[in-house]
file protein_1.txt (compact mmCIF, C-alpha atoms)
# COMPACT_ATOMS: atom_id res chain seq x y z
CA MET A 1107 -55.02 61.60 56.97
CA LYS A 1108 -51.72 59.82 56.69
CA ARG A 1109 -51.29 60.04 60.47
CA CYS A 1110 -54.72 58.57 60.76
CA LEU A 1111 -53.72 55.73 58.49
CA GLU A 1112 -50.62 55.07 60.53
CA ARG A 1113 -52.55 55.02 63.76
CA ARG A 1114 -54.94 52.58 62.28
CA LEU A 1115 -52.14 50.42 60.97
CA ILE A 1116 -50.83 49.47 64.39
CA PRO A 1117 -54.06 48.04 65.83
CA LEU A 1118 -54.56 46.39 62.49
CA ALA A 1119 -51.15 44.77 62.75
CA ALA A 1120 -51.96 43.74 66.29
CA ALA A 1121 -55.21 42.21 65.12
CA THR A 1122 -53.36 40.43 62.37
CA CYS A 1123 -50.95 38.99 64.93
CA LEU A 1124 -53.87 37.76 66.96
CA ILE A 1125 -55.37 36.03 63.96
CA ALA A 1126 -51.91 34.65 63.25
CA LEU A 1127 -51.73 33.12 66.70
CA THR A 1128 -55.22 31.65 66.67
CA GLY A 1129 -54.71 30.41 63.13
CA ALA A 1130 -51.54 28.60 64.12
CA ALA A 1131 -53.53 25.69 65.51
CA GLN A 1132 -54.62 24.66 62.02
CA ALA A 1133 -51.24 25.58 60.56
CA GLN A 1134 -50.79 24.58 56.94
CA SER A 1135 -47.20 25.61 57.02
CA ALA A 1136 -45.08 26.92 59.86
CA LYS A 1137 -43.91 29.99 58.01
CA ASP A 1138 -47.37 30.94 56.78
CA PRO A 1139 -49.99 29.86 59.32
CA ILE A 1140 -52.62 32.37 58.19
CA GLU A 1141 -52.33 31.69 54.48
CA GLY A 1142 -56.05 32.13 53.85
CA TRP A 1143 -56.10 35.63 55.29
CA ASN A 1144 -52.80 36.52 53.61
CA ARG A 1145 -54.06 35.36 50.23
CA ALA A 1146 -57.15 37.54 50.58
CA VAL A 1147 -55.07 40.63 51.40
CA PHE A 1148 -52.63 39.77 48.62
CA GLY A 1149 -55.53 39.62 46.16
CA PHE A 1150 -56.80 42.97 47.40
CA ASN A 1151 -53.35 44.57 47.04
CA ASP A 1152 -52.90 43.05 43.61
CA GLY A 1153 -56.23 44.44 42.46
CA LEU A 1154 -55.39 47.87 43.85
CA ASP A 1155 -52.00 47.75 42.15
CA ALA A 1156 -53.48 46.84 38.78
CA ALA A 1157 -56.22 49.47 39.04
CA LEU A 1158 -54.26 52.34 40.52
CA LEU A 1159 -50.61 52.06 41.43
CA LYS A 1160 -49.24 50.38 38.31
CA PRO A 1161 -51.01 52.77 35.88
CA LEU A 1162 -49.83 55.73 37.98
CA ALA A 1163 -46.25 54.45 37.98
CA THR A 1164 -46.36 53.74 34.24
CA GLY A 1165 -47.70 57.23 33.57
CA TYR A 1166 -45.11 58.78 35.86
CA LYS A 1167 -42.36 57.01 33.95
CA ALA A 1168 -43.81 58.07 30.60
CA VAL A 1169 -44.43 61.73 31.45
CA VAL A 1170 -41.66 62.74 33.85
CA PRO A 1171 -38.18 63.04 32.29
CA GLU A 1172 -35.57 60.55 33.48
CA LEU A 1173 -33.37 63.26 34.97
CA VAL A 1174 -36.19 64.42 37.23
CA ARG A 1175 -37.18 60.86 38.18
CA ASN A 1176 -33.60 60.07 39.09
CA GLY A 1177 -33.47 63.22 41.21
CA VAL A 1178 -36.60 62.14 43.07
CA SER A 1179 -35.22 58.63 43.65
CA ASN A 1180 -31.90 60.04 44.79
CA VAL A 1181 -33.43 62.38 47.35
CA PHE A 1182 -35.54 59.55 48.83
CA ASN A 1183 -32.57 57.20 48.76
CA ASN A 1184 -30.31 59.75 50.40
CA PHE A 1185 -32.87 60.04 53.16
CA GLY A 1186 -33.01 56.28 53.50
CA ASP A 1187 -29.21 56.04 53.56
CA GLY A 1188 -29.18 58.06 56.78
CA TRP A 1189 -31.52 55.54 58.38
CA SER A 1190 -29.35 52.71 57.04
CA ALA A 1191 -26.31 54.27 58.71
CA ILE A 1192 -28.10 54.40 62.05
CA ASN A 1193 -29.24 50.80 61.70
CA GLN A 1194 -25.74 49.66 60.82
CA LEU A 1195 -24.54 51.32 63.98
CA LEU A 1196 -27.30 49.55 65.92
CA GLN A 1197 -26.17 46.28 64.34
CA GLY A 1198 -22.62 46.81 65.55
CA LYS A 1199 -21.14 47.54 62.12
CA PRO A 1200 -19.30 50.84 62.64
CA VAL A 1201 -17.30 50.64 59.41
CA ALA A 1202 -20.38 50.13 57.24
CA ALA A 1203 -22.18 52.82 59.23
CA ALA A 1204 -19.34 55.28 58.65
CA GLN A 1205 -19.41 54.47 54.93
CA MET A 1206 -23.14 55.13 54.72
CA ALA A 1207 -22.77 58.33 56.76
CA MET A 1208 -20.05 59.39 54.35
CA ARG A 1209 -22.43 58.61 51.50
CA VAL A 1210 -25.13 60.85 52.96
CA ALA A 1211 -22.65 63.65 53.67
CA THR A 1212 -21.19 63.47 50.14
CA ASN A 1213 -24.58 63.46 48.44
CA SER A 1214 -26.07 66.15 50.66
CA LEU A 1215 -23.12 68.50 50.14
CA PHE A 1216 -21.86 67.77 46.64
CA GLY A 1217 -25.03 66.22 45.25
CA ILE A 1218 -27.18 69.32 45.94
CA ALA A 1219 -29.20 68.06 48.90
CA GLY A 1220 -29.23 64.53 47.52
CA LEU A 1221 -30.51 65.31 44.03
CA PHE A 1222 -27.46 63.65 42.50
CA ASP A 1223 -25.87 60.43 43.66
CA VAL A 1224 -22.28 61.65 43.54
CA ALA A 1225 -21.26 59.01 46.05
CA ALA A 1226 -22.09 56.23 43.57
CA ASP A 1227 -19.69 57.76 41.02
CA LEU A 1228 -17.06 57.80 43.74
CA GLY A 1229 -17.63 54.13 44.43
CA ILE A 1230 -19.27 54.51 47.85
CA GLU A 1231 -21.85 51.75 47.69
CA ARG A 1232 -25.29 51.68 49.18
CA GLN A 1233 -26.06 48.94 51.69
CA PRO A 1234 -29.72 49.43 52.62
CA GLU A 1235 -30.65 48.50 56.17
CA ASP A 1236 -33.84 48.95 58.14
CA PHE A 1237 -35.01 48.30 61.66
CA GLY A 1238 -36.41 44.88 60.78
CA GLN A 1239 -32.93 43.79 59.71
CA THR A 1240 -31.51 45.22 62.92
CA LEU A 1241 -33.95 43.12 64.96
CA GLY A 1242 -33.05 40.10 62.84
CA ARG A 1243 -29.37 40.73 63.33
CA TRP A 1244 -29.91 40.55 67.09
CA GLY A 1245 -31.55 37.17 66.74
CA LEU A 1246 -35.26 37.94 66.57
CA PRO A 1247 -36.76 35.39 64.16
CA ALA A 1248 -38.94 36.63 61.29
CA GLY A 1249 -42.02 34.92 62.69
CA PRO A 1250 -45.06 34.13 60.56
CA TYR A 1251 -45.49 35.70 57.13
CA LEU A 1252 -47.97 38.54 56.96
CA VAL A 1253 -49.39 40.39 53.99
CA LEU A 1254 -50.28 43.93 55.04
CA PRO A 1255 -53.01 45.87 53.28
CA LEU A 1256 -51.43 48.46 50.92
CA LEU A 1257 -47.91 47.70 52.15
CA GLY A 1258 -47.62 44.12 50.91
CA PRO A 1259 -45.34 41.29 52.04
CA SER A 1260 -44.14 41.42 55.62
CA SER A 1261 -43.61 39.23 58.64
CA LEU A 1262 -44.39 39.60 62.30
CA ARG A 1263 -40.91 40.99 62.93
CA GLU A 1264 -41.00 43.46 60.03
CA THR A 1265 -44.47 44.61 61.03
CA ALA A 1266 -43.25 45.27 64.56
CA ALA A 1267 -40.32 47.24 63.13
CA LEU A 1268 -42.51 49.24 60.76
CA PRO A 1269 -43.61 52.01 63.18
CA VAL A 1270 -39.94 52.67 63.93
CA ASP A 1271 -38.98 52.77 60.25
CA MET A 1272 -41.98 55.02 59.57
CA GLN A 1273 -40.56 57.72 61.85
CA TRP A 1274 -37.68 58.13 59.42
CA ARG A 1275 -39.04 59.16 56.08
CA PRO A 1276 -39.44 62.50 54.36
CA ALA A 1277 -43.18 62.68 55.07
CA ALA A 1278 -42.52 62.54 58.82
CA LEU A 1279 -40.62 65.83 58.59
CA THR A 1280 -43.69 67.96 58.16
CA ASN A 1281 -46.86 68.44 60.15
CA ASP A 1282 -48.85 69.51 57.13
CA SER A 1283 -51.04 66.57 56.26
CA ALA A 1284 -51.42 67.48 52.59
CA THR A 1285 -47.64 67.56 52.20
CA GLN A 1286 -47.35 64.26 54.05
CA VAL A 1287 -49.83 62.56 51.76
CA GLY A 1288 -48.11 64.09 48.72
CA LEU A 1289 -44.66 62.96 49.80
CA SER A 1290 -45.82 59.47 50.73
CA ALA A 1291 -47.61 59.11 47.42
CA LEU A 1292 -44.59 60.30 45.47
CA GLN A 1293 -42.34 57.90 47.36
CA LEU A 1294 -44.73 55.03 46.65
CA ILE A 1295 -44.93 55.86 42.93
CA ASP A 1296 -41.15 56.24 42.75
CA VAL A 1297 -40.66 52.78 44.24
CA ARG A 1298 -43.34 51.21 42.06
CA ALA A 1299 -41.91 52.78 38.89
CA GLY A 1300 -38.57 51.20 39.72
CA LEU A 1301 -40.25 47.81 39.97
CA LEU A 1302 -42.14 47.84 36.66
CA GLY A 1303 -39.59 45.59 34.95
CA ALA A 1304 -39.41 43.17 37.86
CA SER A 1305 -43.18 42.83 38.18
CA ARG A 1306 -43.48 41.99 34.48
CA ILE A 1307 -40.93 39.19 34.86
CA LEU A 1308 -42.72 37.99 37.99
CA ASP A 1309 -46.01 37.65 36.12
CA GLU A 1310 -44.27 35.40 33.63
CA ILE A 1311 -42.28 33.06 35.86
CA ALA A 1312 -44.49 32.39 38.86
CA LEU A 1313 -46.78 29.37 38.85
CA ASP A 1314 -48.62 30.75 41.86
CA LYS A 1315 -47.82 34.42 42.30
CA TYR A 1316 -48.78 34.51 45.98
CA GLN A 1317 -46.51 31.62 46.88
CA PHE A 1318 -43.69 32.90 44.68
CA VAL A 1319 -43.72 36.37 46.22
CA ARG A 1320 -43.96 34.94 49.74
CA ASP A 1321 -41.01 32.58 49.40
CA ALA A 1322 -38.87 35.11 47.55
CA TYR A 1323 -39.66 37.74 50.16
CA LEU A 1324 -38.78 35.49 53.10
CA SER A 1325 -35.54 34.28 51.45
CA ARG A 1326 -34.51 37.78 50.51
CA ARG A 1327 -35.16 39.19 53.98
CA ARG A 1328 -33.20 36.35 55.54
CA SER A 1329 -30.36 37.02 53.13
CA GLN A 1330 -30.45 40.74 53.93
CA VAL A 1331 -30.22 40.08 57.66
CA TYR A 1332 -27.00 38.17 56.96
CA ASP A 1333 -25.77 40.81 54.49
CA GLY A 1334 -26.19 38.56 51.47
CA ASP A 1335 -24.45 35.50 52.88
CA PRO A 1336 -26.82 33.53 55.13
CA PRO A 1337 -25.86 30.15 56.58
CA ASP A 1338 -27.40 27.14 54.80
CA LEU A 1339 -30.76 26.00 56.03
CA PRO A 1340 -30.58 22.47 57.46
CA GLU A 1341 -33.21 21.06 55.05
CA ALA A 1342 -31.87 22.75 51.90
CA LYS A 1343 -30.66 19.48 50.42
CA ASP A 1344 -31.73 17.59 47.36
CA ASP A 1345 -33.79 14.96 49.09
CA ALA A 1346 -35.52 17.22 51.58
CA PRO A 1347 -39.07 16.15 52.32
CA ALA A 1348 -40.68 18.61 49.98
CA THR A 1349 -44.16 18.39 51.41
CA PRO A 1350 -44.69 17.41 55.01
CA GLY A 1351 -48.21 16.16 54.51
CA LYS A 1352 -50.39 18.18 52.19
CA PRO A 1353 -49.13 21.62 51.22
CA MET B 15 -12.14 66.75 43.08
CA LEU B 16 -9.68 65.75 45.72
CA PHE B 17 -12.19 63.16 46.83
CA LYS B 18 -12.43 61.68 43.40
CA GLN B 19 -8.66 61.41 43.08
CA ALA B 20 -8.35 59.84 46.49
CA PHE B 21 -11.00 57.29 45.63
CA THR B 22 -9.51 56.51 42.25
CA ALA B 23 -6.15 55.96 43.90
CA LEU B 24 -7.73 53.82 46.59
CA SER B 25 -9.66 51.68 44.14
CA MET B 26 -6.59 51.26 41.97
CA ALA B 27 -4.57 50.19 44.99
CA LEU B 28 -7.29 47.70 45.87
CA THR B 29 -7.43 46.34 42.34
CA ILE B 30 -3.70 45.90 42.13
CA GLY B 31 -3.59 44.52 45.65
CA LEU B 32 -6.34 41.99 45.06
CA THR B 33 -5.60 40.82 41.55
CA PRO B 34 -2.66 38.52 42.28
CA ALA B 35 -4.50 36.93 45.22
CA VAL B 36 -7.53 36.22 43.04
CA ALA B 37 -5.41 34.96 40.21
CA VAL B 38 -3.71 32.42 42.46
CA ALA B 39 -6.93 31.25 44.13
CA ALA B 40 -8.78 31.32 40.82
CA THR B 41 -8.93 27.82 39.55
CA ALA B 42 -11.64 27.32 37.00
CA PRO B 43 -15.02 28.15 38.65
CA ASP B 44 -14.80 31.90 39.15
CA ALA B 45 -12.86 32.38 35.94
CA LEU B 46 -15.63 30.49 34.14
CA ILE B 47 -18.36 32.71 35.62
CA LYS B 48 -16.38 35.82 34.73
CA GLN B 49 -15.94 34.57 31.18
CA ILE B 50 -19.61 33.67 30.69
CA SER B 51 -20.83 36.94 32.24
CA THR B 52 -18.51 39.06 30.13
CA GLU B 53 -19.37 37.24 26.92
CA VAL B 54 -23.11 37.51 27.50
CA ILE B 55 -23.03 41.18 28.52
CA ASP B 56 -20.78 42.12 25.62
CA THR B 57 -23.05 40.34 23.16
CA VAL B 58 -26.14 42.07 24.53
CA LYS B 59 -24.45 45.46 24.43
CA SER B 60 -23.47 45.08 20.80
CA ASP B 61 -26.79 43.65 19.63
CA LYS B 62 -29.67 46.05 19.13
CA ALA B 63 -32.15 43.24 18.46
CA ILE B 64 -31.51 41.70 21.87
CA GLN B 65 -31.82 45.04 23.62
CA GLY B 66 -35.14 45.47 21.87
CA GLY B 67 -36.35 42.21 23.42
CA ASP B 68 -35.96 39.75 20.52
CA VAL B 69 -36.71 36.65 22.59
CA ALA B 70 -35.69 34.11 19.95
CA LYS B 71 -32.29 35.74 19.65
CA ILE B 72 -31.83 35.91 23.41
CA ILE B 73 -32.74 32.25 23.77
CA ALA B 74 -30.20 31.38 21.08
CA LEU B 75 -27.57 33.37 22.96
CA VAL B 76 -28.35 31.66 26.25
CA ASP B 77 -28.38 28.26 24.56
CA THR B 78 -24.94 28.71 23.02
CA LYS B 79 -23.11 30.67 25.73
CA VAL B 80 -24.70 29.64 29.02
CA MET B 81 -26.47 26.31 28.80
CA PRO B 82 -23.37 24.22 27.97
CA HIS B 83 -22.09 25.17 31.42
CA VAL B 84 -25.28 24.31 33.30
CA ASN B 85 -26.17 20.92 34.78
CA PHE B 86 -29.82 21.29 34.05
CA GLN B 87 -30.76 17.79 35.06
CA ARG B 88 -29.48 18.34 38.58
CA MET B 89 -31.25 21.69 38.74
CA THR B 90 -34.58 20.14 37.76
CA ALA B 91 -34.19 17.09 39.98
CA SER B 92 -33.37 19.30 42.91
CA ALA B 93 -36.33 21.61 42.28
CA VAL B 94 -38.71 18.66 41.95
CA GLY B 95 -37.32 17.18 45.19
CA ARG B 96 -38.22 13.71 46.40
CA HIS B 97 -40.84 13.27 43.69
CA TRP B 98 -38.08 13.17 41.07
CA ARG B 99 -37.21 9.57 41.86
CA THR B 100 -40.78 8.38 41.47
CA ALA B 101 -41.22 10.17 38.13
CA THR B 102 -40.90 8.12 34.93
CA PRO B 103 -38.01 8.92 32.54
CA GLU B 104 -40.57 10.43 30.16
CA GLN B 105 -41.94 12.70 32.92
CA GLN B 106 -38.42 13.64 33.95
CA LYS B 107 -37.56 14.67 30.41
CA ARG B 108 -40.68 16.77 30.01
CA LEU B 109 -40.16 18.42 33.39
CA GLN B 110 -36.62 19.26 32.43
CA ASP B 111 -37.63 20.68 29.03
CA GLU B 112 -40.43 22.87 30.36
CA PHE B 113 -38.44 24.05 33.37
CA LYS B 114 -35.59 24.99 31.06
CA ILE B 115 -37.84 27.13 28.89
CA LEU B 116 -39.20 28.84 32.01
CA ILE B 117 -35.72 29.60 33.35
CA VAL B 118 -34.32 30.75 30.02
CA ARG B 119 -37.27 33.08 29.57
CA THR B 120 -36.64 34.55 33.02
CA TYR B 121 -33.04 35.07 32.13
CA ALA B 122 -34.04 36.56 28.79
CA GLY B 123 -36.32 39.02 30.53
CA ALA B 124 -33.47 40.13 32.76
CA LEU B 125 -31.08 40.44 29.83
CA THR B 126 -33.25 42.99 28.02
CA GLN B 127 -32.55 45.30 30.98
CA VAL B 128 -28.78 45.16 30.42
CA LYS B 129 -27.35 48.55 29.52
CA ASP B 130 -24.11 49.70 31.07
CA GLN B 131 -23.64 46.90 33.58
CA THR B 132 -20.44 45.18 34.52
CA VAL B 133 -19.99 42.03 36.58
CA GLN B 134 -17.59 42.02 39.49
CA LEU B 135 -16.47 38.89 41.25
CA LYS B 136 -16.12 38.68 44.98
CA PRO B 137 -13.13 36.79 46.37
CA LEU B 138 -13.67 33.03 46.13
CA ARG B 139 -13.70 31.19 49.40
CA ALA B 140 -12.84 27.65 48.42
CA ALA B 141 -10.11 25.09 48.85
CA ALA B 142 -8.34 23.64 45.82
CA GLU B 143 -9.87 20.19 46.42
CA ASP B 144 -13.48 21.43 46.71
CA THR B 145 -15.84 19.92 44.15
CA GLU B 146 -18.75 22.25 44.96
CA VAL B 147 -18.24 25.98 45.28
CA VAL B 148 -20.22 29.20 45.44
CA VAL B 149 -19.07 32.00 43.15
CA ARG B 150 -20.39 35.34 44.32
CA THR B 151 -20.74 38.26 41.93
CA GLU B 152 -22.29 41.67 41.78
CA VAL B 153 -23.83 43.24 38.73
CA LYS B 154 -23.08 46.93 38.80
CA GLY B 155 -24.87 49.50 36.74
CA LYS B 156 -26.71 52.71 37.36
CA GLY B 157 -28.74 51.74 40.41
CA ASP B 158 -27.84 49.57 43.36
CA ALA B 159 -25.58 46.58 42.81
CA ILE B 160 -27.47 43.34 42.13
CA GLN B 161 -26.32 40.24 43.97
CA LEU B 162 -25.90 37.31 41.58
CA ASP B 163 -24.32 34.13 42.96
CA TYR B 164 -23.78 30.71 41.42
CA ARG B 165 -23.37 27.22 42.83
CA LEU B 166 -21.02 25.11 40.73
CA GLU B 167 -20.04 21.47 40.79
CA LYS B 168 -16.98 19.87 39.35
CA SER B 169 -17.68 17.18 36.80
CA GLY B 170 -14.47 15.74 35.44
CA SER B 171 -12.28 18.72 34.73
CA ASP B 172 -15.20 21.06 34.01
CA TRP B 173 -17.28 23.18 36.32
CA ARG B 174 -21.01 23.32 35.85
CA ILE B 175 -23.62 25.64 37.35
CA TYR B 176 -26.48 23.99 39.24
CA ASP B 177 -28.11 26.89 41.08
CA VAL B 178 -28.31 30.67 40.81
CA ASN B 179 -29.01 33.23 43.49
CA VAL B 180 -30.64 36.50 42.48
CA LEU B 181 -30.84 39.18 45.18
CA GLY B 182 -30.64 36.65 47.98
CA VAL B 183 -33.06 34.10 46.51
CA TRP B 184 -31.76 30.72 45.34
CA LEU B 185 -33.70 29.73 42.24
CA VAL B 186 -33.92 25.99 42.91
CA GLU B 187 -35.10 26.49 46.47
CA GLN B 188 -37.62 29.05 45.25
CA TYR B 189 -39.11 26.62 42.71
CA ARG B 190 -38.95 23.65 45.06
CA SER B 191 -41.87 24.87 47.15
CA SER B 192 -43.69 25.99 43.99
CA PHE B 193 -43.36 22.53 42.50
CA ALA B 194 -44.19 20.76 45.76
CA GLN B 195 -47.41 22.74 46.00
CA GLU B 196 -48.42 21.82 42.44
CA ILE B 197 -47.45 18.16 42.76
CA GLY B 198 -49.35 18.00 46.04
CA SER B 199 -52.55 19.19 44.43
CA VAL B 200 -52.41 18.01 40.81
CA GLY B 201 -49.55 15.49 40.64
CA ILE B 202 -46.49 15.43 38.41
CA ASP B 203 -48.43 15.42 35.15
CA GLY B 204 -50.44 18.36 36.47
CA LEU B 205 -47.22 20.24 37.15
CA ILE B 206 -45.90 19.49 33.66
CA ALA B 207 -49.17 20.72 32.16
CA LYS B 208 -49.04 23.88 34.25
CA LEU B 209 -45.44 24.63 33.24
CA ALA B 210 -46.24 24.03 29.57
CA GLU B 211 -49.29 26.28 29.76
CA ARG B 212 -47.28 29.03 31.47
CA ASN B 213 -44.58 28.83 28.81
CA LYS B 214 -47.11 28.91 26.01
CA SER B 215 -49.03 31.93 27.32
CA ALA B 216 -45.79 33.84 27.92
CA ALA B 217 -44.57 33.05 24.41
CA LYS B 218 -47.72 34.61 23.03
CA GLY B 219 -47.74 37.73 25.21

call {"tool": "encode", "arguments": {"input": "protein_1.txt", "output": "structure tokens"}}
result
Amino acid sequence: MKRCLERRLIPLAAATCLIALTGAAQAQSAKDPIEGWNRAVFGFNDGLDAALLKPLATGYKAVVPELVRNGVSNVFNNFGDGWSAINQLLQGKPVAAAQMAMRVATNSLFGIAGLFDVAADLGIERQPEDFGQTLGRWGLPAGPYLVLPLLGPSSLRETAALPVDMQWRPAALTNDSATQVGLSALQLIDVRAGLLGASRILDEIALDKYQFVRDAYLSRRRSQVYDGDPPDLPEAKDDAPATPGKP
Amino acid sequence: MLFKQAFTALSMALTIGLTPAVAVAATAPDALIKQISTEVIDTVKSDKAIQGGDVAKIIALVDTKVMPHVNFQRMTASAVGRHWRTATPEQQKRLQDEFKILIVRTYAGALTQVKDQTVQLKPLRAAAEDTEVVVRTEVKGKGDAIQLDYRLEKSGSDWRIYDVNVLGVWLVEQYRSSFAQEIGSVGIDGLIAKLAERNKSAAKG
């Protein structure tokens, strides 16, 4: 079923790109030419989150002891660290890659297959990287903003990178579809549970949640591509024309 | 075991190696950020009411420890963008007041999450004559390190914060498009009303 979902995701992304291109003619804003479509998907995701994902994550946090939850996060993170190491190598950062590889080795061996994050206690820091960042590092621009059903904020570049990232996750290890769905669901709930605090703050500080999430997402991804220290944008000055025409 | 010793030795060597360099380069701005961060975190750690989410108490803390070092007028003007100059003094004041409440509440929300965190400064890249600098820090706790950077300006002999970066997102830039969107559709008074309403509903909930 999960496979099925993945297969469907790619044509869907392709269709979204197509809409993005045709929508560009009546562009409201260069970074978000298909705002209408994106807002609709955002609303759908938000509804789904409120009805299903958030209650599940809240329940998970309430019922499952912290030690177990941390173990689950650590195993998923350890898995992700391996992918980060590969992407760092692909980005031409051998030192960072070696550090992440060391992290995975330490946690897999001494942290009982990743259940404990021993590496963190030793001061080996995590620097998460994915294939979208690798593409960005090599100069591929983010392209228009896209909100993907279920998966949330993305951009053309990240969506193109997604099938590659998807190959590297615990659920891809098994051919048993029930296990795949279970693992994917657990990973999703784990991530969502970690974001409960952040999403509460978000609800309080955003004037328009869609716009706030979009701009924060694009800024954060840009910052991640430059490892937290991006060059200044040319228009990021006090008297920048805030609205070219109507927003 | 051996690993741990090696790492402890390595980190000690780094600390000793780096400290004098930082101390020499450290004029006021990074020392100021270090001082504010440490004071705020220590206060939160020793105050059960704040940890429990006592918003009034957190706001008092932010007002006394942080706000004196923030150029809030510049922050607001910059977030409002070109519309700031056409706003009346009355509108400017109200914008500034409401925006301040919004920001302090955000900060308050983040502070309730403080448990065993420490703040570490990254080496400052600035010349002695610079009047605007970026101080980069990392908040370290249980999970991944959180990037927290500050833009500071020199006013007289003091340094004042005028923008904050959380996880790669500069706050002023983030609100600039928010505000532009609101001003574009409902005008400056509409934006003020929206901010006030947001602050009021959050104060209740």

call {"tool": "closest_residue", "arguments": {"input": "protein_1.txt", "among": "A:Met1208, A:Ala1248, A:Leu1279, A:Ala1266", "to": "chain B", "atoms": "all atoms listed in the file"}}
result
A:Met1208

call {"tool": "atom_distance", "arguments": {"input": "protein_1.txt", "atom1": "CA of Gly1249 (chain A)", "atom2": "CA of Leu1262 (chain A)"}}
result
5.3 Å

call {"tool": "atom_distance", "arguments": {"input": "protein_1.txt", "atom1": "CA of Glu1231 (chain A)", "atom2": "CA of Gly1334 (chain A)"}}
result
14.4 Å

call {"tool": "closest_atom_pairs", "arguments": {"input": "protein_1.txt", "of": "chain B", "to": "chain A", "cutoff": "7 Å", "atoms": "all atoms listed in the file", "output": "tab-separated table"}}
result
residue	atom	partner	partner_atom	distance
B:Lys18	CA	A:Leu1228	CA	6.1
B:Phe21	CA	A:Leu1228	CA	6.4
B:Ser92	CA	A:Asp1344	CA	5.0
B:Gly95	CA	A:Asp1345	CA	5.7
B:Arg96	CA	A:Asp1345	CA	5.3
B:Leu116	CA	A:Ile1311	CA	6.5
B:Thr120	CA	A:Ile1311	CA	6.5
B:Gly123	CA	A:Ile1307	CA	6.3
B:Asp158	CA	A:Arg1232	CA	6.7
B:Leu181	CA	A:Arg1326	CA	6.6
B:Gly182	CA	A:Arg1326	CA	4.8
B:Val183	CA	A:Ser1325	CA	5.5
B:Gln188	CA	A:Asp1321	CA	6.4
B:Ser191	CA	A:Ala1348	CA	7.0
B:Ser192	CA	A:Leu1313	CA	6.9
B:Ala194	CA	A:Ala1348	CA	5.9
B:Gln195	CA	A:Pro1353	CA	5.6
B:Gly198	CA	A:Lys1352	CA	6.2
B:Ala216	CA	A:Glu1310	CA	6.1

call {"tool": "atom_distance", "arguments": {"input": "protein_1.txt", "atom1": "CA of Val128 (chain B)", "atom2": "CA of Tyr164 (chain B)"}}
result
18.8 Å
